[in-house]
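Read through the structure below, which is laid out as structure tokens, and then see the notes.
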Amino acid sequence: MSTPTRSRADDRRRRPEFRGTEPGPGPDGPLLSVRDLHVHFRRGKEVLRAVDGVSFDLHAGRALAIVGESGSGKTVTARSLLRLLPRNARIADGQVWFNHAAGVRDADHADPHPGGDRPAGRGRRDRGAAGPRDLLRLGEREMRRVRGRDIGMVFQNAMEAMNPTLTLERQLTEHLLWHGICGKAEARDRAVRALGDVGIPEPERRIRTYPFQLSGGMRQRAMIAMAMLTQPALLIADEPTTAVDVTVQRQILDLLAEVKNRGTGIVMITHDLGVARYFCDDVVVMYAGRVVERASTPELLDSPRHPYSVGLLGSCVEIGDRGRPLTPIQGAPPDLARRPQGCAFHPRCAQAEAPRCLTDQPLLPLVSSGSGGTGGREAACWKVVPDA
Ligand SMILES: Nc1ncnc2c1ncn2[C@@H]1O[C@H](COP(=O)(O)OP(=O)(O)OP(=O)(O)O)[C@@H](O)[C@H]1O
């Protein structure tokens, strides 16, 4: 099928409107507001639009799941928030407002090191003083401070995130020292406490081990301990439980739930809808680099509105689904360098109707006022009729 050319002006006209809260300053605004994010990869002469106008909000103390088939742009979206992208990627447009004030809890305002064992200049007090900051426009030096200090990261495979040649003690204490959280004298004690907090037995002994000497589950815990050392306001977790067995998965989710209850906002990338149901408050469904539906978790998982969300739920197993037939979504996602005109899902959608679904990109209108933290329920489909 030939691909119609699109002008930049066309793109702008068709961009979905997002009805989230404005990223205003102060503790009541969202902790994170992603607006109209576009990320492109170069493939020879082609441009692959991996993320194509993504917007969402996250409030402190809530968890947002980003779900979708493989290649839908979940990881690229998450990594863009921290500007940790491959060299051939380019953030073409958008804003990522990080409102650290919204994530600062009372305890954070107290200096935890009154004895003075704390290097000047890089501690908590200099964080986020100016209200929301657009992370895409911070200088690289400032961004390095935000990464790992104000925003923690947990990945699918701890071996990727940890240095295999350094003991946990070296990695954890250096993390604290680099971010100026405390001085040398206190760093080891904090690191041991952090390992104990995530349920690693005998932390005094384990801290002397290398990552490869730990089991997969223990390594994931150690990575969470490292991410939480600085009490970040936001945690980005990319498939944190995919590489571990079901029992450890549950333990890790419970651990992350404690982190959330302490006020940290969590963006969780997952293709496991059971994980989203168990852990997350709100869900964003991505298809071909765009958000197609956004709602609170129970609304989305119990009564999806977008035909793609319906298909995704029908093709995944969740605990308790014994006996339910699985219905895979017909066809395959599009090549992101040759996105079909109209709704990108239309070639796979049984409800698609000419001409509109085939020619016009659907917006993301509010379909019901919903109970989610995302400002109501939205679905980008011409066939979804908004609630009266
Ligand atoms: N380094 C890269 N070079 C070119 N294209 C890339 C690169 N990394 C990702 N992409 C493309 O960007 C798109 C989105 O990828 P992404 O990894 O975000 O998908 P995902 O939804 O996280 O998938 P998965 O669940 O498999 O991790 C895919 O089409 C992928 O091919």
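How things are named: the first chain in the structure tokens is A, the next is B, and so on; residues count from 1 in each chain; ligands count from 1 in the order shown.
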Each chain A residue no farther than 10 Å from ligand 1, nearest pair in Å, only C-alpha atoms and all ligand atoms, as a Markdown table:
| residue | atom | partner | partner_atom_place_in_ligand_line | distance |
| --- | --- | --- | --- | --- |
| A:Val39 | CA | ligand 1 | 12 (O) | 8.7 |
| A:His40 | CA | ligand 1 | 12 (O) | 8.1 |
| A:Phe41 | CA | ligand 1 | 4 (C) | 5.4 |
| A:Arg42 | CA | ligand 1 | 4 (C) | 6.9 |
| A:Arg43 | CA | ligand 1 | 4 (C) | 6.7 |
| A:Val47 | CA | ligand 1 | 4 (C) | 9.5 |
| A:Leu48 | CA | ligand 1 | 5 (N) | 7.0 |
| A:Arg49 | CA | ligand 1 | 12 (O) | 7.5 |
| A:Ala50 | CA | ligand 1 | 12 (O) | 4.4 |
| A:Val51 | CA | ligand 1 | 14 (C) | 7.1 |
| A:Ile66 | CA | ligand 1 | 21 (O) | 8.8 |
| A:Val67 | CA | ligand 1 | 21 (O) | 7.6 |
| A:Gly68 | CA | ligand 1 | 21 (O) | 6.1 |
| A:Glu69 | CA | ligand 1 | 21 (O) | 5.9 |
| A:Ser70 | CA | ligand 1 | 26 (O) | 3.6 |
| A:Gly71 | CA | ligand 1 | 19 (O) | 3.4 |
| A:Ser72 | CA | ligand 1 | 21 (O) | 3.8 |
| A:Gly73 | CA | ligand 1 | 18 (O) | 3.2 |
| A:Lys74 | CA | ligand 1 | 21 (O) | 3.9 |
| A:Thr75 | CA | ligand 1 | 22 (O) | 3.7 |
| A:Val76 | CA | ligand 1 | 18 (O) | 3.7 |
| A:Thr77 | CA | ligand 1 | 18 (O) | 6.3 |
| A:Ala78 | CA | ligand 1 | 18 (O) | 7.9 |
| A:Arg79 | CA | ligand 1 | 18 (O) | 8.4 |
| A:Ser80 | CA | ligand 1 | 18 (O) | 9.7 |
| A:Leu85 | CA | ligand 1 | 1 (N) | 7.9 |
| A:Pro86 | CA | ligand 1 | 1 (N) | 5.3 |
| A:Arg87 | CA | ligand 1 | 1 (N) | 7.5 |
| A:Asn88 | CA | ligand 1 | 3 (N) | 6.2 |
| A:Ala89 | CA | ligand 1 | 2 (C) | 6.9 |
| A:Gln156 | CA | ligand 1 | 27 (O) | 9.8 |
| A:Asp238 | CA | ligand 1 | 22 (O) | 8.4 |
| A:Glu239 | CA | ligand 1 | 27 (O) | 8.3 |
| A:Ile269 | CA | ligand 1 | 22 (O) | 7.6 |
| A:Thr270 | CA | ligand 1 | 25 (O) | 7.3 |
| A:His271 | CA | ligand 1 | 25 (O) | 6.4 |
| A:Asp272 | CA | ligand 1 | 25 (O) | 9.9 |
| A:Met286 | CA | ligand 1 | 21 (O) | 7.7 |
| A:Tyr287 | CA | ligand 1 | 21 (O) | 8.3 |
| A:Ala288 | CA | ligand 1 | 29 (O) | 7.6 |
| A:Gly289 | CA | ligand 1 | 14 (C) | 6.8 |
| A:Pro333 | CA | ligand 1 | 29 (O) | 9.0 |
| A:Pro334 | CA | ligand 1 | 29 (O) | 8.7 |
| A:Asp335 | CA | ligand 1 | 29 (O) | 7.1 |
| A:Leu336 | CA | ligand 1 | 29 (O) | 6.1 |
| A:Ala337 | CA | ligand 1 | 29 (O) | 8.8 |
Can I get the selected residues back with C-alpha atoms, as a short mmCIF file (atom, residue, chain, number, x, y, z; two decimals), in the first residue's frame?
data_model
loop_
_atom_site.label_atom_id
_atom_site.label_comp_id
_atom_site.auth_asym_id
_atom_site.auth_seq_id
_atom_site.Cartn_x
_atom_site.Cartn_y
_atom_site.Cartn_z
CA VAL A 39 10.92 10.66 19.40
CA HIS A 40 12.36 9.70 16.01
CA PHE A 41 14.93 7.16 14.90
CA ARG A 42 16.78 7.44 11.62
CA ARG A 43 16.69 4.32 9.48
CA VAL A 47 12.36 8.49 9.86
CA LEU A 48 10.83 6.02 12.28
CA ARG A 49 8.35 7.77 14.58
CA ALA A 50 8.75 5.58 17.65
CA VAL A 51 6.90 8.02 19.92
CA ILE A 66 2.25 1.98 30.22
CA VAL A 67 1.08 -1.11 28.34
CA GLY A 68 1.04 -2.19 24.71
CA GLU A 69 2.43 -4.77 22.32
CA SER A 70 6.13 -5.10 21.69
CA GLY A 71 7.41 -2.15 19.66
CA SER A 72 4.59 0.21 20.67
CA GLY A 73 7.05 2.73 22.14
CA LYS A 74 6.82 2.04 25.89
CA THR A 75 10.55 1.84 26.59
CA VAL A 76 11.47 4.70 24.28
CA THR A 77 8.88 6.87 26.06
CA ALA A 78 10.26 5.94 29.49
CA ARG A 79 13.87 6.48 28.49
CA SER A 80 13.03 9.82 26.90
CA LEU A 85 18.19 7.15 24.41
CA PRO A 86 20.31 5.37 21.81
CA ARG A 87 22.56 7.62 19.72
CA ASN A 88 20.37 7.29 16.63
CA ALA A 89 17.31 8.62 18.48
CA GLN A 156 14.20 -5.52 33.70
CA ASP A 238 10.81 -0.82 32.99
CA GLU A 239 9.54 -4.41 33.21
CA ILE A 269 6.36 -0.22 31.79
CA THR A 270 4.83 -3.64 31.49
CA HIS A 271 3.14 -5.96 29.07
CA ASP A 272 1.77 -7.99 31.95
CA MET A 286 0.11 2.66 23.56
CA TYR A 287 -0.18 1.54 19.97
CA ALA A 288 2.34 2.40 17.24
CA GLY A 289 3.92 5.18 19.28
CA PRO A 333 1.62 -3.54 14.24
CA PRO A 334 2.66 -1.19 11.41
CA ASP A 335 6.18 -0.30 10.40
CA LEU A 336 6.61 2.99 12.23
CA ALA A 337 8.30 4.56 9.22
#
Problem - Surrounding residues of A:Arg208 excluding itself and chain neighbours under 4 positions, 9 Å, only C-alpha atoms, as JSON, numbers by chain - result: {"A": [167, 168, 169, 170, 203, 204]}
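Nearest-residue note for A:Arg149: choosing from A:His306, A:Arg35, A:His175, A:Arg90, the minimum distance belongs to A:His175, counting only C-alpha atoms.
In terms of minimum interatomic distance to A:Glu299, A:Arg377 ranks closest within A:Arg377, A:Arg137, A:His346, A:Arg250, counting only C-alpha atoms.
Nearest residue to A:Gly274 among A:Ala65, A:Ala350, A:Val192, A:Cys357 is A:Ala65, counting only C-alpha atoms.
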Exercise for the section: DSSP on the backbone, then: every residue of stretch 63-278 of chain A marked strand (DSSP E or B), written as a PyMOL selection string. Expected result: chain A and resi 63-67+89-98+133-134+147+151-154+234-238+265-269
Problem - Sel. of alpha helix (DSSP H) residues, stretch 148-362 of chain A, as a VMD selection string - result: chain A and resid 158 to 161 168 to 178 184 to 197 203 to 206 216 to 228 246 to 261 273 to 279 297 to 302 307 to 314 356 to 359
Problem - Interatomic distance (Å, one decimal) between atom CA of A:Pro328 and atom CA of A:Ser315 - result: 4.6 Å
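For the pair atom CA of A:Glu46 and atom CA of A:Val292, the interatomic distance is 24.3 Å.
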Handout entry: Option closest in space to A:Val385, from A:Leu58, A:Ile266, A:Val367, A:Leu301 [counting only C-alpha atoms]
Key = A:Val367
